[in-house]
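S.K.: coords.cif is reproduced below (mmCIF, C-alpha atoms).
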```
data_run
loop_
_atom_site.label_atom_id
_atom_site.label_comp_id
_atom_site.auth_asym_id
_atom_site.auth_seq_id
_atom_site.Cartn_x
_atom_site.Cartn_y
_atom_site.Cartn_z
CA MET L 1 58.59 119.87 44.17
CA ASN L 2 61.88 121.74 43.83
CA LEU L 3 62.38 123.20 47.32
CA LYS L 4 65.39 125.24 46.17
CA ILE L 5 63.16 127.18 43.80
CA LEU L 6 60.25 127.42 46.25
CA ASN L 7 62.45 128.81 49.04
CA ALA L 8 64.10 131.34 46.73
CA LEU L 9 60.71 132.39 45.37
CA GLU L 10 59.38 132.85 48.90
CA GLN L 11 62.33 135.05 49.83
CA VAL L 12 62.17 137.36 46.82
CA ILE L 13 58.39 137.77 47.14
CA LYS L 14 58.72 138.59 50.84
CA THR L 15 60.82 141.62 49.89
CA SER L 16 58.18 142.71 47.36
CA PRO L 17 54.82 141.01 48.16
CA GLN L 18 52.90 143.43 45.93
CA THR L 19 54.27 141.57 42.90
CA LEU L 20 51.71 138.85 43.64
CA ARG L 21 49.09 141.26 42.32
CA ASP L 22 51.15 142.51 39.37
CA VAL L 23 51.71 139.83 36.72
CA LEU L 24 54.23 141.86 34.75
CA LYS L 25 56.40 142.57 37.79
CA LEU L 26 56.12 138.96 38.94
CA ARG L 27 57.25 137.78 35.50
CA GLN L 28 60.18 140.21 35.63
CA LEU L 29 61.11 139.03 39.13
CA ILE L 30 61.14 135.39 37.97
CA GLN L 31 63.24 136.27 34.95
CA ALA L 32 65.76 138.18 37.06
CA THR L 33 66.02 135.43 39.68
CA PHE L 34 65.83 132.22 37.64
CA ASN L 35 66.65 133.40 34.10
CA VAL L 36 63.52 131.86 32.57
CA THR L 37 60.34 133.42 31.21
CA ILE L 38 57.02 132.24 32.63
CA MET L 39 54.06 133.61 30.71
CA ASP L 40 51.38 132.03 32.93
CA CYS L 41 52.09 133.18 36.49
CA SER L 42 48.71 132.18 37.87
CA GLY L 43 48.16 129.72 40.71
CA SER L 44 49.78 129.13 44.07
CA LEU L 45 53.49 129.46 44.80
CA ALA L 46 53.72 125.67 44.67
CA GLU L 47 52.22 125.65 41.18
CA LEU L 48 54.44 128.52 40.10
CA THR L 49 57.46 126.65 41.47
CA ASP L 50 56.62 123.65 39.26
CA LYS L 51 56.30 125.91 36.21
CA ILE L 52 59.69 127.49 36.89
CA ASP L 53 61.25 124.09 37.52
CA LYS L 54 59.97 122.72 34.19
CA ALA L 55 61.18 125.82 32.34
CA ILE L 56 64.66 125.56 33.89
CA LEU L 57 64.94 121.85 33.01
CA ALA L 58 63.75 122.48 29.47
CA LYS L 59 66.23 125.32 28.95
CA TYR L 60 69.18 123.48 30.46
CA PHE L 61 68.68 120.10 28.82
CA GLY L 62 67.39 121.58 25.57
CA GLU L 63 70.06 124.25 25.08
CA ILE L 64 73.01 123.91 27.48
CA TRP L 65 73.67 120.30 28.51
CA GLN L 66 76.12 118.19 26.53
CA PRO L 67 76.49 114.40 26.90
CA LYS L 68 79.57 112.77 28.44
CA THR L 69 78.86 109.24 27.32
CA LYS L 70 82.51 108.39 26.64
CA HIS L 71 83.44 109.33 30.22
CA PHE L 72 81.47 106.52 31.87
CA LYS L 73 83.17 103.18 32.48
CA TYR L 74 80.08 100.98 32.75
CA SER L 75 77.13 102.99 31.43
CA GLY L 76 78.94 104.64 28.50
CA LEU L 77 79.75 103.13 25.13
CA LYS L 78 80.40 99.75 26.77
CA ILE L 79 76.67 99.39 27.20
CA VAL L 80 76.23 99.20 23.42
CA ASP L 81 78.03 95.85 23.19
CA GLU L 82 76.19 94.50 26.23
CA ILE L 83 72.80 95.34 24.73
CA ASN L 84 73.63 94.11 21.23
CA LYS L 85 74.74 90.75 22.70
CA LEU L 86 71.19 90.34 23.94
CA GLN L 87 69.91 90.65 20.34
CA PRO L 88 66.80 92.53 21.44
CA ARG L 89 63.86 92.89 19.08
CA SER L 90 63.04 96.30 20.57
CA VAL L 91 64.99 98.83 22.66
CA LEU L 92 63.70 101.93 24.44
CA ASP L 93 66.01 104.76 25.48
CA LEU L 94 64.09 106.86 28.02
CA GLY L 95 65.67 110.30 28.27
CA CYS L 96 67.82 109.67 25.21
CA GLY L 97 69.21 113.21 24.98
CA TYR L 98 70.95 113.52 21.62
CA ASN L 99 69.90 109.94 20.81
CA GLU L 100 73.53 108.81 20.62
CA PHE L 101 72.71 105.10 20.61
CA LYS L 102 70.28 105.36 17.67
CA ASN L 103 72.76 104.20 15.02
CA LYS L 104 74.66 101.88 17.37
CA ILE L 105 71.82 99.70 18.71
CA PRO L 106 69.27 98.27 16.24
CA ASN L 107 65.53 98.61 16.80
CA LEU L 108 65.93 101.53 19.21
CA ILE L 109 63.39 104.26 19.95
CA GLY L 110 64.66 107.34 21.78
CA VAL L 111 62.27 109.34 23.95
CA ASP L 112 63.19 112.68 25.53
CA PRO L 113 61.12 115.67 26.71
CA TYR L 114 63.69 118.32 25.75
CA ASN L 115 65.97 117.20 22.92
CA LYS L 116 64.86 117.53 19.29
CA ASN L 117 67.08 114.59 18.31
CA ALA L 118 64.72 112.20 20.08
CA ASP L 119 62.43 110.03 17.98
CA ILE L 120 59.57 110.99 20.28
CA GLN L 121 59.60 114.21 22.30
CA LEU L 122 57.60 113.50 25.47
CA PRO L 123 58.12 113.37 29.23
CA ILE L 124 58.71 109.86 30.58
CA LEU L 125 55.30 109.48 32.23
CA GLU L 126 53.48 110.69 29.11
CA TYR L 127 55.06 108.07 26.85
CA ARG L 128 52.58 105.20 26.77
CA PRO L 129 53.12 102.92 23.78
CA GLN L 130 51.16 99.74 23.20
CA GLN L 131 54.30 97.60 22.93
CA LYS L 132 56.74 96.37 25.57
CA PHE L 133 60.51 96.51 25.04
CA ASP L 134 63.14 93.80 25.41
CA VAL L 135 65.62 96.39 26.69
CA VAL L 136 64.99 99.70 28.45
CA ILE L 137 67.83 102.22 28.87
CA VAL L 138 67.49 104.96 31.50
CA LEU L 139 70.73 106.90 31.81
CA GLY L 140 70.45 109.96 34.05
CA SER L 141 66.89 110.83 33.09
CA ILE L 142 65.02 109.74 36.24
CA ASN L 143 66.69 112.24 38.52
CA PHE L 144 64.47 115.26 39.04
CA GLY L 145 61.74 115.77 41.60
CA SER L 146 60.58 114.31 44.89
CA THR L 147 60.63 110.61 45.75
CA ASP L 148 57.04 110.03 44.65
CA LYS L 149 57.82 111.34 41.14
CA ILE L 150 61.06 109.33 40.95
CA PHE L 151 59.21 106.20 42.07
CA ALA L 152 56.41 106.74 39.53
CA GLU L 153 58.87 107.19 36.66
CA LEU L 154 60.85 104.14 37.76
CA GLU L 155 57.67 102.08 37.94
CA HIS L 156 56.68 103.29 34.47
CA ALA L 157 60.09 102.25 33.08
CA VAL L 158 59.63 98.77 34.57
CA ASN L 159 56.13 98.50 33.09
CA LEU L 160 57.51 99.37 29.65
CA CYS L 161 59.92 96.44 29.86
CA ALA L 162 58.79 93.04 28.56
CA GLU L 163 58.87 89.98 30.80
CA GLY L 164 62.42 88.66 30.83
CA GLY L 165 63.66 92.02 29.54
CA THR L 166 66.67 93.93 30.84
CA MET L 167 66.89 97.48 32.16
CA PHE L 168 70.08 99.55 32.33
CA PHE L 169 70.19 102.57 34.67
CA ARG L 170 72.61 105.36 35.50
CA VAL L 171 71.59 107.70 38.31
CA ASN L 172 73.00 110.76 40.01
CA PRO L 173 73.24 110.69 43.84
CA GLY L 174 72.67 114.45 44.11
CA MET L 175 75.84 115.67 42.37
CA LYS L 176 75.60 119.15 40.83
CA HIS L 177 76.49 119.84 37.21
CA GLU L 178 79.23 122.35 36.44
CA PRO L 179 77.43 124.84 34.11
CA PRO L 180 75.99 127.80 36.05
CA GLU L 181 72.67 127.33 34.24
CA SER L 182 72.11 124.20 36.34
CA GLU L 183 72.17 126.17 39.61
CA TRP L 184 68.47 125.74 40.36
CA ILE L 185 68.18 122.10 39.33
CA ASP L 186 67.54 119.79 42.27
CA PHE L 187 69.19 116.44 41.51
CA TYR L 188 67.65 113.50 43.34
CA HIS L 189 69.82 111.85 46.00
CA TRP L 190 69.85 108.22 44.86
CA ASP L 191 71.37 105.62 47.17
CA ALA L 192 71.86 101.84 47.17
CA ASN L 193 69.11 101.18 49.73
CA PHE L 194 66.49 102.98 47.65
CA ILE L 195 67.55 101.06 44.53
CA THR L 196 67.45 97.73 46.37
CA ASN L 197 64.08 98.46 47.99
CA CYS L 198 62.57 99.48 44.65
CA ALA L 199 63.91 96.33 42.99
CA SER L 200 62.27 94.25 45.71
CA TYR L 201 58.94 96.04 45.33
CA PHE L 202 58.92 95.76 41.53
CA LYS L 203 59.96 92.09 41.80
CA VAL L 204 62.88 92.55 39.42
CA GLN L 205 66.20 90.72 39.58
CA MET L 206 69.26 92.82 40.43
CA LEU L 207 71.92 91.78 37.91
CA ASP L 208 74.46 94.46 38.77
CA MET L 209 74.94 97.54 40.94
CA ARG L 210 78.17 99.50 41.23
CA ASN L 211 79.66 102.97 41.30
CA ASP L 212 80.35 104.38 37.85
CA SER L 213 82.60 107.23 36.72
CA ASN L 214 81.85 110.87 37.64
CA ASP L 215 80.34 109.83 41.01
CA ARG L 216 77.33 108.21 39.37
CA MET L 217 75.64 104.90 40.19
CA TYR L 218 75.00 102.12 37.68
CA PHE L 219 72.61 99.22 38.06
CA VAL L 220 70.97 96.58 35.87
CA TRP L 221 67.61 94.93 36.47
CA ARG L 222 65.87 92.02 34.77
CA ARG L 223 62.10 91.77 34.79
CA SER L 224 60.91 88.36 35.94
#
```
Re-express the file's structure as structure tokens.
M.R.:
Amino acid sequence: MNLKILNALEQVIKTSPQTLRDVLKLRQLIQATFNVTIMDCSGSLAELTDKIDKAILAKYFGEIWQPKTKHFKYSGLKIVDEINKLQPRSVLDLGCGYNEFKNKIPNLIGVDPYNKNADIQLPILEYRPQQKFDVVIVLGSINFGSTDKIFAELEHAVNLCAEGGTMFFRVNPGMKHEPPESEWIDFYHWDANFITNCASYFKVQMLDMRNDSNDRMYFVWRRS
């Protein structure tokens, strides 16, 4: 759950608690505070928080966000050569954004919940193909929500990787984005211990872990 949104929602409703019984006013309050429109305002504040969070992520990553692939030393365009050297039969880009690698890496399928350039437009946990992939790319897309959600998405990415396959990750250790539209996004605070502990639990081999450009973290796993 996005506690930034929940706390802000609690504060604005405290000043006008009657809005809880007036759907139109509640919708207007949400629009004025978070700059998103929520048509279904039913449920608890926790449920409403999740709806606002999803709407903010969809608006930001569907309309505002622009990729900075060329700015990353290890997880940018360099990753294309590393993956092509592996000669994979199938490649999955989870959270592909504008699907930049589509014409650079053969046999690639791009999945993204927000961007229309994706081959398949679905959230990570809802993408459940029958096949496994030789390479899985996850660059900045497992970064939103509480630890249980992050862990579940990470586990799902590992399960989508074939035995002996390689996974490339870039994660954000809680750094904010510059555009003001990202104000309410709660970026997960990744750290090396969490990455190492997850690798141990999933029984994957850590091939690389280092700091990348723009204060991001880069790591590579291989599934045993």
S.K.: Can you translate the PyMOL selection byres ((chain L and resi 34) around 12) into the concrete residues it hits in this file, as a short mmCIF file (atom, residue, chain, number, x, y, z; two decimals) with C-alpha atoms, in the frame of the given file?
M.R.:
```cif
data_model
loop_
_atom_site.label_atom_id
_atom_site.label_comp_id
_atom_site.auth_asym_id
_atom_site.auth_seq_id
_atom_site.Cartn_x
_atom_site.Cartn_y
_atom_site.Cartn_z
CA LYS L 4 65.39 125.24 46.17
CA ILE L 5 63.16 127.18 43.80
CA LEU L 6 60.25 127.42 46.25
CA ALA L 8 64.10 131.34 46.73
CA LEU L 9 60.71 132.39 45.37
CA VAL L 12 62.17 137.36 46.82
CA LEU L 26 56.12 138.96 38.94
CA ARG L 27 57.25 137.78 35.50
CA GLN L 28 60.18 140.21 35.63
CA LEU L 29 61.11 139.03 39.13
CA ILE L 30 61.14 135.39 37.97
CA GLN L 31 63.24 136.27 34.95
CA ALA L 32 65.76 138.18 37.06
CA THR L 33 66.02 135.43 39.68
CA ASN L 35 66.65 133.40 34.10
CA VAL L 36 63.52 131.86 32.57
CA THR L 37 60.34 133.42 31.21
CA ILE L 38 57.02 132.24 32.63
CA THR L 49 57.46 126.65 41.47
CA LYS L 51 56.30 125.91 36.21
CA ILE L 52 59.69 127.49 36.89
CA ASP L 53 61.25 124.09 37.52
CA LYS L 54 59.97 122.72 34.19
CA ALA L 55 61.18 125.82 32.34
CA ILE L 56 64.66 125.56 33.89
CA LEU L 57 64.94 121.85 33.01
CA LYS L 59 66.23 125.32 28.95
CA TYR L 60 69.18 123.48 30.46
CA PRO L 180 75.99 127.80 36.05
CA GLU L 181 72.67 127.33 34.24
CA SER L 182 72.11 124.20 36.34
CA GLU L 183 72.17 126.17 39.61
CA TRP L 184 68.47 125.74 40.36
CA ILE L 185 68.18 122.10 39.33
#
```
S.K.: Could you jot down the CA of Met206 in chain L to CA of His156 in chain L separation for me, Å, one decimal place?
M.R.: 17.4 Å
S.K.: Rank nothing, just name the residue among L:Pro173, L:Pro179, L:Gly164, L:Pro123 nearest to Gln205 in chain L, using only C-alpha atoms.
M.R.: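 That would be L:Gly164, the residue with the smallest distance to Gln205 in chain L.
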S.K.: Select, from L:Asn143, L:Phe219, L:Lys25, L:Ala152, the residue with the minimum atom-to-atom distance to Ile79 in chain L, counting all atoms listed in the file.
M.R.: L:Phe219
S.K.: Calculated over only C-alpha atoms, which of the candidates L:Ile64, L:Ile150, L:Leu108, L:Ile195 has the smallest distance to Asn84 in chain L?
M.R.: L:Leu108
S.K.: Just say which residues the PyMOL selection byres ((chain L and resi 157-162) around 8) picks in this file, as a PyMOL selection string.
M.R.: chain L and resi 94+131-136+153-156+163-167+202+223
S.K.: Please produce a file of the residues just selected, as an mmCIF file, keeping the file's coordinate frame, where the atoms kept are C-alpha atoms.
M.R.:
```cif
data_model
loop_
_atom_site.group_PDB
_atom_site.id
_atom_site.type_symbol
_atom_site.label_atom_id
_atom_site.label_comp_id
_atom_site.auth_asym_id
_atom_site.auth_seq_id
_atom_site.Cartn_x
_atom_site.Cartn_y
_atom_site.Cartn_z
ATOM 1 C CA LEU L 94 64.090 106.860 28.020
ATOM 2 C CA GLN L 131 54.300 97.600 22.930
ATOM 3 C CA LYS L 132 56.740 96.370 25.570
ATOM 4 C CA PHE L 133 60.510 96.510 25.040
ATOM 5 C CA ASP L 134 63.140 93.800 25.410
ATOM 6 C CA VAL L 135 65.620 96.390 26.690
ATOM 7 C CA VAL L 136 64.990 99.700 28.450
ATOM 8 C CA GLU L 153 58.870 107.190 36.660
ATOM 9 C CA LEU L 154 60.850 104.140 37.760
ATOM 10 C CA GLU L 155 57.670 102.080 37.940
ATOM 11 C CA HIS L 156 56.680 103.290 34.470
ATOM 12 C CA GLU L 163 58.870 89.980 30.800
ATOM 13 C CA GLY L 164 62.420 88.660 30.830
ATOM 14 C CA GLY L 165 63.660 92.020 29.540
ATOM 15 C CA THR L 166 66.670 93.930 30.840
ATOM 16 C CA MET L 167 66.890 97.480 32.160
ATOM 17 C CA PHE L 202 58.920 95.760 41.530
ATOM 18 C CA ARG L 223 62.100 91.770 34.790
#
```
S.K.: Under the PyMOL selection byres ((chain L and resi 66-71) around 12), which residues of this model are included? Write them out as a PDB file with C-alpha atoms, in the coordinates of the input.
M.R.:
```
ATOM      1  CA  TYR L  60      69.180 123.480  30.460  1.00  0.00           C
ATOM      2  CA  PHE L  61      68.680 120.100  28.820  1.00  0.00           C
ATOM      3  CA  GLY L  62      67.390 121.580  25.570  1.00  0.00           C
ATOM      4  CA  GLU L  63      70.060 124.250  25.080  1.00  0.00           C
ATOM      5  CA  ILE L  64      73.010 123.910  27.480  1.00  0.00           C
ATOM      6  CA  TRP L  65      73.670 120.300  28.510  1.00  0.00           C
ATOM      7  CA  PHE L  72      81.470 106.520  31.870  1.00  0.00           C
ATOM      8  CA  LYS L  73      83.170 103.180  32.480  1.00  0.00           C
ATOM      9  CA  TYR L  74      80.080 100.980  32.750  1.00  0.00           C
ATOM     10  CA  SER L  75      77.130 102.990  31.430  1.00  0.00           C
ATOM     11  CA  GLY L  76      78.940 104.640  28.500  1.00  0.00           C
ATOM     12  CA  LEU L  77      79.750 103.130  25.130  1.00  0.00           C
ATOM     13  CA  LYS L  78      80.400  99.750  26.770  1.00  0.00           C
ATOM     14  CA  ILE L  79      76.670  99.390  27.200  1.00  0.00           C
ATOM     15  CA  VAL L  80      76.230  99.200  23.420  1.00  0.00           C
ATOM     16  CA  GLY L  95      65.670 110.300  28.270  1.00  0.00           C
ATOM     17  CA  CYS L  96      67.820 109.670  25.210  1.00  0.00           C
ATOM     18  CA  GLY L  97      69.210 113.210  24.980  1.00  0.00           C
ATOM     19  CA  TYR L  98      70.950 113.520  21.620  1.00  0.00           C
ATOM     20  CA  ASN L  99      69.900 109.940  20.810  1.00  0.00           C
ATOM     21  CA  GLU L 100      73.530 108.810  20.620  1.00  0.00           C
ATOM     22  CA  PHE L 101      72.710 105.100  20.610  1.00  0.00           C
ATOM     23  CA  ASN L 115      65.970 117.200  22.920  1.00  0.00           C
ATOM     24  CA  LEU L 139      70.730 106.900  31.810  1.00  0.00           C
ATOM     25  CA  GLY L 140      70.450 109.960  34.050  1.00  0.00           C
ATOM     26  CA  SER L 141      66.890 110.830  33.090  1.00  0.00           C
ATOM     27  CA  ARG L 170      72.610 105.360  35.500  1.00  0.00           C
ATOM     28  CA  HIS L 177      76.490 119.840  37.210  1.00  0.00           C
ATOM     29  CA  GLU L 178      79.230 122.350  36.440  1.00  0.00           C
ATOM     30  CA  PRO L 179      77.430 124.840  34.110  1.00  0.00           C
ATOM     31  CA  ASP L 212      80.350 104.380  37.850  1.00  0.00           C
ATOM     32  CA  SER L 213      82.600 107.230  36.720  1.00  0.00           C
ATOM     33  CA  ASN L 214      81.850 110.870  37.640  1.00  0.00           C
ATOM     34  CA  ASP L 215      80.340 109.830  41.010  1.00  0.00           C
ATOM     35  CA  ARG L 216      77.330 108.210  39.370  1.00  0.00           C
TER      36      ARG L 216
END
```
S.K.: Once 5 Å is added on each side, what centre and edge lengths in Å to one decimal does the axis-aligned box around all listed atoms of range 124-137 of chain L have, as JSON?
M.R.:
```
{"center_x": 59.5, "center_y": 102.2, "center_z": 27.6, "size_x": 26.7, "size_y": 26.9, "size_z": 19.3}
```
S.K.: Which residues, written as a list of chain:residue names, have at least one atom at most 9 Å from Ile109 in chain L, with all atoms listed in the file counted and residues fewer than 2 positions away on the same chain left out?
M.R.: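 So, after excluding close chain neighbours, the residues are L:Ser90, L:Val91, L:Leu92, L:Asp93, L:Leu94, L:Cys96, L:Asn99, L:Lys102, L:Asn107, L:Val111, L:Ala118, L:Asp119, L:Ile120.
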S.K.: Find the distance between CA of Lys203 in chain L and CA of Arg222 in chain L and write it in Å to one decimal.
M.R.: 9.2 Å
